[in-house]
Amino acid sequence: MSLDHAVVWIDHREAHVIQFNESASENEIIHTKSKHSHLHHKAGTLGSGHAAPDQSYLHEVTEAVASAAEILVVGPGSAKLELLRHAQQHDPLIAKKILGIETIDHPTDKQLLAYARHYFKPVDKMNGTGVIRT
């Protein structure tokens with residue numbers, strides 16, 4: 001069974017990856033191994049006050065969605081854009097599969113799947129691949 005779509009909800013601590021089609025889904029949670037929490041910028045110091053993105057974490061997330069034909073990336077902060085930049089630099093084939101980036105807060109996995117099915121419904125109609133039921 002082919003799971004054509006993937007949605008990734010990502011922040012700097014974990015990523016919820018759901019691959020799905022119209023009748024099935026598979027969930028995976030990927031945690032960062034980085035020990036850095038928030039860094040704070042102090043006046044008169046060099047640097048932005050932000051930790052660099054955890055490249056191994058981002059790589060693990062892109063590997064998790066490699067088999068999907070179409071990907072939606074969502075999340076509350078900047079991690080979703082860091083994932084896109086990582087994919088553009090290190091795996092342009094996956095970057096081309098990312099059809100959208102949306103800002104959403106902290107949904108449950110069930111809410112995330114419903115959101116993604118609704119998001120891909122018009123895309124599927126345009127591609128002639130059928131309609132994903134909600």
# chains A, B, ... in the order shown; residues from 1 in each chain; ligands from 1
$ residues_around --residues "range 99-115 of chain A" --least-positions-apart "5" --cutoff "7 Å" --atoms "only C-alpha atoms" --output "VMD selection string"
chain A and resid 70 to 76 134
$ atom_distance --atom1 "CA of Ala15 in chain A" --atom2 "CA of Pro122 in chain A"
25.1 Å
$ atom_distance --atom1 "CA of His16 in chain A" --atom2 "CA of Glu28 in chain A"
5.9 Å
$ residues_around --residues "Ala79 in chain A" --least-positions-apart "3" --cutoff "8 Å" --atoms "only C-alpha atoms" --output "list in words"
Ile10, Asp11, His12, Pro53, Gly75, Glu82 and Leu83 of chain A
$ residues_around --residues "Leu93 in chain A" --least-positions-apart "4" --cutoff "12 Å" --atoms "only C-alpha atoms" --output "number ranges by chain"
A: 62-63, 65-71, 84, 86-89, 97-98
$ residues_around --residues "Phe20 in chain A" --least-positions-apart "5" --cutoff "8 Å" --atoms "only C-alpha atoms" --output "list in words"
Leu3, Asp4, His5, Ala6, Ser25 and Glu26 of chain A
$ atom_distance --atom1 "CA of Ser78 in chain A" --atom2 "CA of His118 in chain A"
23.2 Å
